[in-house]
Amino acid sequence: MSATNNLRFRQSVGVIPKANSVEFFRANIRESLVLKIDSNKILELLQSFNGSNSLQDICNKMNFIDLDQLQTLSNFLKKEFILIEQDLPYPLSLTKDNYRLINILEDYFHSTSEVINAIENLKKSKVMIIGVGAVGSYIATYLAKVQVGKFIFVDSDVVDISNLHRQHYFEKNIGEKKADVLAEHLKEINNNIEIKTIHCLLNDDFFKLNSLDDDINLIINCADQPSVDYTSKLIAKYAMENNIPHIVGGGYNLHLTLIGQTIIPNLTACFKCFEKALYEKNLIDLKGVKKLHREGRKLGSYPPLSGLASSLAALDAFKVLIKKYEYLQQSNRRIEFSIEKNNFTIREIEKDPNCEWCGES
Ligand SMILES: [Zn+2]
């Protein structure tokens, strides 16, 4: 086992001493690790991991542990995200502007060079958002704030006064193209962001008529015209064929807050897997249910609920872009938030080995 020097005790980790053990709490991820160990000694030891001491230095200072034991313990604490390897110093420009983002990213990576690399990758990432209304406009804003550097916005709509109560637009923008207005706003968050806008409705010919860049890292569907199912299927088909991770942004119409699914091609359940599983489950759920019918029925739009869908989609988008798929909260799951019960209902949907799109055959 090789020794890792330059280990540092992560700032985000809380330490809770107990009678015969110590609990380590990774605050950003909210995961805990309990070790049966003397709390006074481990606290003293952890203070020595300051990013510049070698294991031998620490061993010389602490007479209760030998080098082999320290090596085993430090490797374990590194593996468990308690200690991080400080193999590359953070540039001052990065810590000045992004120390909170760095703190979050440290909980996902084992070394500072990996954190720096993740931020560089976020800056290089290209995200295509289709539909920049109530959900899409806020997803874009959140992603711009976590350093995502390139966007493609697809939307044919202009800002209407009825949009203002739930979308990221203002009265002065009425009549302007949503994609262009959003591009301007994001430039105010980060002037280095590169944005391409496509003023076009998503239809059967969209992917034939528009030659898209081949370096898109993520597609997020927030288009609901003529329906979320129609647009999601078109996008999912294109994304599966081109091996691009994609997210259904979710929304609030009819089903109240649907938290859309995150799909990593051939790794997680795909759109077809969901379609089949939900059709079968819906048949069971809807057995004997009487359908109401009212002509021209309109439902309201409640901004905090579309905000919830966009926040959670942005959270998964962030994890997709830093390639931490094991932390995705919306893959292989159909999630709905109930405003009545104030809780999330989660249906686990497995990747189907016989799926038409992603199955083994
Ligand atoms: Zn599938």
# chains A, B, ... in the order shown; residues from 1 in each chain; ligands from 1
$ residues_near_ligand --ligand "ligand 1" --cutoff "12 Å" --atoms "only C-alpha atoms and all ligand atoms" --output "PyMOL selection string"
chain A and resi 233+236-237+240+263-277+332+349-361
$ write_last_selection --atoms "N, CA and C atoms" --output "mmCIF file, in the first residue's frame"
data_model
loop_
_atom_site.group_PDB
_atom_site.id
_atom_site.type_symbol
_atom_site.label_atom_id
_atom_site.label_comp_id
_atom_site.auth_asym_id
_atom_site.auth_seq_id
_atom_site.Cartn_x
_atom_site.Cartn_y
_atom_site.Cartn_z
ATOM 1 N N LYS A 233 -39.576 12.188 -25.713
ATOM 2 C CA LYS A 233 -39.291 11.006 -26.528
ATOM 3 C C LYS A 233 -38.352 11.364 -27.686
ATOM 4 N N ALA A 236 -34.908 12.129 -26.155
ATOM 5 C CA ALA A 236 -34.276 10.917 -25.611
ATOM 6 C C ALA A 236 -33.748 10.038 -26.745
ATOM 7 N N LYS A 237 -34.508 9.954 -27.842
ATOM 8 C CA LYS A 237 -34.080 9.121 -28.981
ATOM 9 C C LYS A 237 -32.756 9.670 -29.545
ATOM 10 N N MET A 240 -29.918 9.131 -26.987
ATOM 11 C CA MET A 240 -29.474 7.736 -26.896
ATOM 12 C C MET A 240 -28.615 7.382 -28.110
ATOM 13 N N ILE A 263 -31.025 10.483 -17.239
ATOM 14 C CA ILE A 263 -30.686 9.261 -17.991
ATOM 15 C C ILE A 263 -29.240 9.322 -18.493
ATOM 16 N N ILE A 264 -28.471 8.317 -18.119
ATOM 17 C CA ILE A 264 -27.113 8.163 -18.665
ATOM 18 C C ILE A 264 -27.206 6.969 -19.624
ATOM 19 N N PRO A 265 -27.043 7.216 -20.940
ATOM 20 C CA PRO A 265 -27.272 6.142 -21.915
ATOM 21 C C PRO A 265 -26.532 4.851 -21.573
ATOM 22 N N ASN A 266 -27.298 3.765 -21.618
ATOM 23 C CA ASN A 266 -26.792 2.405 -21.409
ATOM 24 C C ASN A 266 -26.271 2.126 -19.997
ATOM 25 N N LEU A 267 -26.472 3.060 -19.093
ATOM 26 C CA LEU A 267 -26.025 2.856 -17.718
ATOM 27 C C LEU A 267 -27.228 2.857 -16.774
ATOM 28 N N THR A 268 -28.179 3.763 -17.056
ATOM 29 C CA THR A 268 -29.382 3.854 -16.223
ATOM 30 C C THR A 268 -30.600 3.556 -17.101
ATOM 31 N N ALA A 269 -31.739 3.392 -16.435
ATOM 32 C CA ALA A 269 -32.984 3.167 -17.183
ATOM 33 C C ALA A 269 -33.184 4.312 -18.176
ATOM 34 N N CYS A 270 -33.548 3.951 -19.430
ATOM 35 C CA CYS A 270 -33.714 4.988 -20.459
ATOM 36 C C CYS A 270 -35.194 5.383 -20.559
ATOM 37 N N PHE A 271 -35.480 6.318 -21.460
ATOM 38 C CA PHE A 271 -36.859 6.783 -21.635
ATOM 39 C C PHE A 271 -37.805 5.612 -21.913
ATOM 40 N N LYS A 272 -37.357 4.670 -22.763
ATOM 41 C CA LYS A 272 -38.194 3.515 -23.122
ATOM 42 C C LYS A 272 -38.430 2.607 -21.917
ATOM 43 N N CYS A 273 -37.368 2.445 -21.093
ATOM 44 C CA CYS A 273 -37.526 1.630 -19.872
ATOM 45 C C CYS A 273 -38.622 2.252 -19.000
ATOM 46 N N PHE A 274 -38.557 3.585 -18.839
ATOM 47 C CA PHE A 274 -39.555 4.291 -18.022
ATOM 48 C C PHE A 274 -40.941 4.144 -18.639
ATOM 49 N N GLU A 275 -41.003 4.353 -19.976
ATOM 50 C CA GLU A 275 -42.295 4.319 -20.660
ATOM 51 C C GLU A 275 -42.989 2.982 -20.419
ATOM 52 N N LYS A 276 -42.218 1.904 -20.567
ATOM 53 C CA LYS A 276 -42.792 0.572 -20.418
ATOM 54 C C LYS A 276 -43.198 0.309 -18.967
ATOM 55 N N ALA A 277 -42.286 0.625 -18.058
ATOM 56 C CA ALA A 277 -42.559 0.349 -16.635
ATOM 57 C C ALA A 277 -43.742 1.175 -16.133
ATOM 58 N N ASN A 332 -33.100 6.169 -12.599
ATOM 59 C CA ASN A 332 -33.846 4.953 -12.236
ATOM 60 C C ASN A 332 -34.986 5.240 -11.256
ATOM 61 N N ILE A 349 -37.446 2.522 -10.873
ATOM 62 C CA ILE A 349 -37.623 1.929 -12.204
ATOM 63 C C ILE A 349 -36.275 1.348 -12.629
ATOM 64 N N GLU A 350 -36.252 0.039 -12.794
ATOM 65 C CA GLU A 350 -34.999 -0.623 -13.161
ATOM 66 C C GLU A 350 -34.714 -0.485 -14.660
ATOM 67 N N LYS A 351 -33.447 -0.523 -15.014
ATOM 68 C CA LYS A 351 -33.069 -0.616 -16.426
ATOM 69 C C LYS A 351 -33.553 -1.984 -16.921
ATOM 70 N N ASP A 352 -34.302 -1.988 -18.031
ATOM 71 C CA ASP A 352 -34.917 -3.229 -18.511
ATOM 72 C C ASP A 352 -33.956 -3.965 -19.461
ATOM 73 N N PRO A 353 -33.530 -5.178 -19.101
ATOM 74 C CA PRO A 353 -32.569 -5.887 -19.979
ATOM 75 C C PRO A 353 -33.145 -6.182 -21.366
ATOM 76 N N ASN A 354 -34.490 -6.172 -21.472
ATOM 77 C CA ASN A 354 -35.110 -6.435 -22.784
ATOM 78 C C ASN A 354 -35.571 -5.156 -23.479
ATOM 79 N N CYS A 355 -35.108 -4.018 -22.992
ATOM 80 C CA CYS A 355 -35.566 -2.737 -23.547
ATOM 81 C C CYS A 355 -35.210 -2.619 -25.031
ATOM 82 N N GLU A 356 -36.185 -2.059 -25.769
ATOM 83 C CA GLU A 356 -36.031 -1.844 -27.208
ATOM 84 C C GLU A 356 -34.831 -0.918 -27.514
ATOM 85 N N TRP A 357 -34.590 0.051 -26.651
ATOM 86 C CA TRP A 357 -33.530 1.038 -26.889
ATOM 87 C C TRP A 357 -32.191 0.675 -26.235
ATOM 88 N N CYS A 358 -32.240 0.209 -24.968
ATOM 89 C CA CYS A 358 -30.960 0.044 -24.238
ATOM 90 C C CYS A 358 -30.731 -1.393 -23.772
ATOM 91 N N GLY A 359 -31.616 -2.317 -24.219
ATOM 92 C CA GLY A 359 -31.507 -3.709 -23.771
ATOM 93 C C GLY A 359 -30.263 -4.396 -24.304
ATOM 94 N N GLU A 360 -29.939 -5.524 -23.690
ATOM 95 C CA GLU A 360 -28.693 -6.220 -24.050
ATOM 96 C C GLU A 360 -28.668 -6.714 -25.499
ATOM 97 N N SER A 361 -29.856 -7.050 -26.047
ATOM 98 C CA SER A 361 -29.880 -7.564 -27.417
ATOM 99 C C SER A 361 -29.778 -6.437 -28.434
#
$ select_by_dssp --residues "region 190-233 of chain A" --states "strand (DSSP E or B)" --output "PyMOL selection string"
chain A and resi 194-198+218-221
$ residues_around --residues "region 171-186 of chain A" --least-positions-apart "5" --cutoff "10 Å" --atoms "only C-alpha atoms" --output "PyMOL selection string"
chain A and resi 129-133+136-138+140-145+151-164+191-199
$ residues_around --residues "region 105-109 of chain A" --least-positions-apart "4" --cutoff "8 Å" --atoms "only C-alpha atoms" --output "ChimeraX atom specification"
/A:10,12,26,28-29,81,84,101,114-115,118,324
$ residues_around --residues "Asn342 (chain A)" --least-positions-apart "5" --cutoff "12 Å" --atoms "only C-alpha atoms" --output "number ranges by chain"
A: 256-257, 305, 336-337
$ write_last_selection --atoms "C-alpha atoms" --output "PDB file, in the first residue's frame"
ATOM      1  CA  LEU A 256     -48.220  18.620  -9.796  1.00  0.00           C
ATOM      2  CA  THR A 257     -44.520  18.520  -9.310  1.00  0.00           C
ATOM      3  CA  LEU A 305     -43.295  24.059  -7.576  1.00  0.00           C
ATOM      4  CA  GLU A 336     -43.311  13.283  -7.603  1.00  0.00           C
ATOM      5  CA  PHE A 337     -43.717  15.925  -4.946  1.00  0.00           C
TER       6      PHE A 337
END
$ atom_distance --atom1 "CA of Asn53 (chain A)" --atom2 "CA of Glu120 (chain A)"
27.6 Å
$ closest_residue --among "A:Ile235, A:Ile58, A:Ile322, A:Ala309" --to "Ile104 (chain A)" --atoms "only C-alpha atoms"
A:Ile322
$ closest_residue --among "A:Ile244, A:Val22, A:Ile335, A:Val15" --to "Asp213 (chain A)" --atoms "only C-alpha atoms"
A:Ile244
$ residues_around --residues "Ser310 (chain A)" --least-positions-apart "2" --cutoff "12 Å" --atoms "only C-alpha atoms" --output "number ranges by chain"
A: 129, 132-143, 166-168, 220-222, 247-252, 257-261, 303-308, 312-317
$ write_last_selection --atoms "N, CA and C atoms" --output "short mmCIF file (atom, residue, chain, number, x, y, z; two decimals), in the first residue's frame"
data_model
loop_
_atom_site.label_atom_id
_atom_site.label_comp_id
_atom_site.auth_asym_id
_atom_site.auth_seq_id
_atom_site.Cartn_x
_atom_site.Cartn_y
_atom_site.Cartn_z
N ILE A 129 -30.37 23.26 -23.43
CA ILE A 129 -31.65 23.28 -22.72
C ILE A 129 -32.74 23.59 -23.75
N VAL A 132 -36.95 27.29 -22.50
CA VAL A 132 -36.41 28.09 -21.40
C VAL A 132 -37.53 28.89 -20.73
N GLY A 133 -38.54 28.15 -20.27
CA GLY A 133 -39.65 28.76 -19.56
C GLY A 133 -39.46 28.66 -18.06
N ALA A 134 -40.53 28.27 -17.37
CA ALA A 134 -40.51 28.27 -15.90
C ALA A 134 -39.42 27.38 -15.32
N VAL A 135 -39.20 26.23 -15.93
CA VAL A 135 -38.20 25.30 -15.40
C VAL A 135 -36.83 25.56 -16.05
N GLY A 136 -36.81 25.61 -17.38
CA GLY A 136 -35.53 25.74 -18.10
C GLY A 136 -34.76 27.01 -17.77
N SER A 137 -35.47 28.13 -17.60
CA SER A 137 -34.76 29.40 -17.36
C SER A 137 -34.04 29.36 -16.01
N TYR A 138 -34.64 28.70 -15.02
CA TYR A 138 -33.98 28.63 -13.71
C TYR A 138 -32.86 27.58 -13.67
N ILE A 139 -33.04 26.48 -14.40
CA ILE A 139 -31.96 25.49 -14.48
C ILE A 139 -30.72 26.17 -15.06
N ALA A 140 -30.93 26.92 -16.15
CA ALA A 140 -29.80 27.61 -16.81
C ALA A 140 -29.10 28.54 -15.83
N THR A 141 -29.90 29.27 -15.06
CA THR A 141 -29.33 30.23 -14.11
C THR A 141 -28.49 29.53 -13.06
N TYR A 142 -29.03 28.43 -12.51
CA TYR A 142 -28.26 27.68 -11.49
C TYR A 142 -26.96 27.13 -12.07
N LEU A 143 -27.05 26.60 -13.30
CA LEU A 143 -25.84 26.00 -13.88
C LEU A 143 -24.79 27.06 -14.19
N ARG A 166 -43.60 33.31 -13.01
CA ARG A 166 -42.91 32.05 -12.72
C ARG A 166 -41.62 31.83 -13.52
N GLN A 167 -41.28 32.74 -14.40
CA GLN A 167 -40.09 32.53 -15.24
C GLN A 167 -39.07 33.63 -14.97
N HIS A 168 -37.83 33.34 -15.41
CA HIS A 168 -36.73 34.25 -15.09
C HIS A 168 -36.71 35.46 -16.04
N ILE A 220 -31.11 18.93 -21.60
CA ILE A 220 -32.19 18.98 -20.60
C ILE A 220 -33.46 19.40 -21.31
N ASN A 221 -34.48 18.56 -21.21
CA ASN A 221 -35.73 18.89 -21.86
C ASN A 221 -36.69 19.59 -20.91
N CYS A 222 -37.03 20.81 -21.25
CA CYS A 222 -38.04 21.54 -20.46
C CYS A 222 -39.14 22.04 -21.39
N ILE A 247 -31.74 14.84 -19.29
CA ILE A 247 -32.62 14.97 -18.13
C ILE A 247 -33.96 15.50 -18.60
N VAL A 248 -35.02 14.92 -18.07
CA VAL A 248 -36.35 15.51 -18.27
C VAL A 248 -36.51 16.51 -17.14
N GLY A 249 -36.66 17.77 -17.50
CA GLY A 249 -36.63 18.83 -16.48
C GLY A 249 -37.74 18.77 -15.45
N GLY A 250 -38.82 18.07 -15.77
CA GLY A 250 -39.93 18.00 -14.81
C GLY A 250 -40.84 19.20 -14.96
N GLY A 251 -41.80 19.29 -14.09
CA GLY A 251 -42.76 20.38 -14.19
C GLY A 251 -43.89 20.19 -13.22
N TYR A 252 -44.98 20.88 -13.49
CA TYR A 252 -46.00 20.89 -12.46
C TYR A 252 -47.40 20.73 -13.00
N THR A 257 -45.93 18.45 -8.97
CA THR A 257 -44.52 18.52 -9.31
C THR A 257 -43.92 17.16 -9.66
N LEU A 258 -43.68 16.99 -10.95
CA LEU A 258 -42.94 15.82 -11.40
C LEU A 258 -41.47 16.20 -11.44
N ILE A 259 -40.64 15.42 -10.75
CA ILE A 259 -39.20 15.65 -10.78
C ILE A 259 -38.68 14.74 -11.89
N GLY A 260 -38.22 15.33 -12.96
CA GLY A 260 -37.88 14.53 -14.15
C GLY A 260 -36.70 13.59 -13.95
N GLN A 261 -36.66 12.57 -14.79
CA GLN A 261 -35.61 11.56 -14.62
C GLN A 261 -34.30 11.95 -15.32
N PRO A 303 -45.35 28.93 -9.12
CA PRO A 303 -43.89 29.14 -9.29
C PRO A 303 -43.01 28.34 -8.32
N PRO A 304 -43.33 28.24 -7.02
CA PRO A 304 -42.41 27.48 -6.16
C PRO A 304 -42.29 26.01 -6.57
N LEU A 305 -43.37 25.48 -7.19
CA LEU A 305 -43.30 24.06 -7.58
C LEU A 305 -42.46 23.86 -8.83
N SER A 306 -42.58 24.77 -9.80
CA SER A 306 -41.68 24.64 -10.96
C SER A 306 -40.25 24.92 -10.51
N GLY A 307 -40.11 25.81 -9.51
CA GLY A 307 -38.79 26.09 -8.95
C GLY A 307 -38.17 24.86 -8.33
N LEU A 308 -38.99 24.07 -7.66
CA LEU A 308 -38.51 22.83 -7.03
C LEU A 308 -37.99 21.86 -8.11
N LEU A 312 -33.95 20.71 -8.49
CA LEU A 312 -33.49 19.32 -8.42
C LEU A 312 -32.87 18.86 -9.74
N ALA A 313 -33.42 19.35 -10.86
CA ALA A 313 -32.82 19.00 -12.16
C ALA A 313 -31.41 19.59 -12.25
N ALA A 314 -31.25 20.83 -11.75
CA ALA A 314 -29.92 21.48 -11.80
C ALA A 314 -28.93 20.72 -10.91
N LEU A 315 -29.42 20.21 -9.79
CA LEU A 315 -28.55 19.45 -8.88
C LEU A 315 -28.03 18.18 -9.57
N ASP A 316 -28.94 17.46 -10.25
CA ASP A 316 -28.50 16.26 -10.96
C ASP A 316 -27.62 16.64 -12.16
N ALA A 317 -27.94 17.74 -12.82
CA ALA A 317 -27.13 18.18 -13.96
C ALA A 317 -25.68 18.42 -13.51
#
$ residues_around --residues "Asn5 (chain A)" --least-positions-apart "4" --cutoff "8 Å" --atoms "only C-alpha atoms" --output "PyMOL selection string"
chain A and resi 51-55+85
$ select_by_dssp --residues "region 18-48 of chain A" --states "alpha helix (DSSP H)" --output "count of residues only"
10
$ atom_distance --atom1 "CA of Leu77 (chain A)" --atom2 "CA of Phe25 (chain A)"
12.5 Å
$ atom_distance --atom1 "CA of Asn242 (chain A)" --atom2 "CA of Ile346 (chain A)"
28.7 Å
$ decode --residues "region 194-207 of chain A" --atoms "N, CA and C atoms" --output "PDB file, in the first residue's frame"
ATOM      1  N   GLU A 194     -20.367  31.113 -23.041  1.00  0.00           N
ATOM      2  CA  GLU A 194     -20.664  31.107 -24.487  1.00  0.00           C
ATOM      3  C   GLU A 194     -22.064  30.546 -24.682  1.00  0.00           C
ATOM      4  N   ILE A 195     -22.892  31.271 -25.405  1.00  0.00           N
ATOM      5  CA  ILE A 195     -24.283  30.824 -25.575  1.00  0.00           C
ATOM      6  C   ILE A 195     -24.706  30.900 -27.036  1.00  0.00           C
ATOM      7  N   LYS A 196     -25.332  29.811 -27.483  1.00  0.00           N
ATOM      8  CA  LYS A 196     -25.884  29.795 -28.830  1.00  0.00           C
ATOM      9  C   LYS A 196     -27.397  29.676 -28.662  1.00  0.00           C
ATOM     10  N   THR A 197     -28.148  30.418 -29.433  1.00  0.00           N
ATOM     11  CA  THR A 197     -29.606  30.321 -29.310  1.00  0.00           C
ATOM     12  C   THR A 197     -30.204  29.803 -30.615  1.00  0.00           C
ATOM     13  N   ILE A 198     -31.190  28.943 -30.476  1.00  0.00           N
ATOM     14  CA  ILE A 198     -31.908  28.421 -31.650  1.00  0.00           C
ATOM     15  C   ILE A 198     -33.384  28.753 -31.446  1.00  0.00           C
ATOM     16  N   HIS A 199     -33.906  29.612 -32.314  1.00  0.00           N
ATOM     17  CA  HIS A 199     -35.307  30.035 -32.156  1.00  0.00           C
ATOM     18  C   HIS A 199     -36.188  29.117 -32.982  1.00  0.00           C
ATOM     19  N   CYS A 200     -36.557  28.049 -32.380  1.00  0.00           N
ATOM     20  CA  CYS A 200     -37.215  27.015 -33.161  1.00  0.00           C
ATOM     21  C   CYS A 200     -38.045  26.142 -32.222  1.00  0.00           C
ATOM     22  N   LEU A 201     -39.159  25.645 -32.719  1.00  0.00           N
ATOM     23  CA  LEU A 201     -40.004  24.753 -31.920  1.00  0.00           C
ATOM     24  C   LEU A 201     -39.492  23.324 -32.095  1.00  0.00           C
ATOM     25  N   LEU A 202     -39.551  22.564 -31.031  1.00  0.00           N
ATOM     26  CA  LEU A 202     -39.101  21.176 -31.156  1.00  0.00           C
ATOM     27  C   LEU A 202     -40.197  20.355 -31.837  1.00  0.00           C
ATOM     28  N   ASN A 203     -39.890  19.809 -33.008  1.00  0.00           N
ATOM     29  CA  ASN A 203     -40.859  18.937 -33.689  1.00  0.00           C
ATOM     30  C   ASN A 203     -40.106  17.779 -34.334  1.00  0.00           C
ATOM     31  N   ASP A 204     -40.822  16.938 -35.060  1.00  0.00           N
ATOM     32  CA  ASP A 204     -40.213  15.723 -35.625  1.00  0.00           C
ATOM     33  C   ASP A 204     -38.964  16.009 -36.459  1.00  0.00           C
ATOM     34  N   ASP A 205     -38.923  17.192 -37.090  1.00  0.00           N
ATOM     35  CA  ASP A 205     -37.808  17.497 -37.997  1.00  0.00           C
ATOM     36  C   ASP A 205     -36.649  18.231 -37.324  1.00  0.00           C
ATOM     37  N   PHE A 206     -36.812  18.581 -36.066  1.00  0.00           N
ATOM     38  CA  PHE A 206     -35.819  19.447 -35.413  1.00  0.00           C
ATOM     39  C   PHE A 206     -34.386  18.920 -35.549  1.00  0.00           C
ATOM     40  N   PHE A 207     -34.194  17.643 -35.237  1.00  0.00           N
ATOM     41  CA  PHE A 207     -32.820  17.119 -35.240  1.00  0.00           C
ATOM     42  C   PHE A 207     -32.294  16.877 -36.667  1.00  0.00           C
TER      43      PHE A 207
END
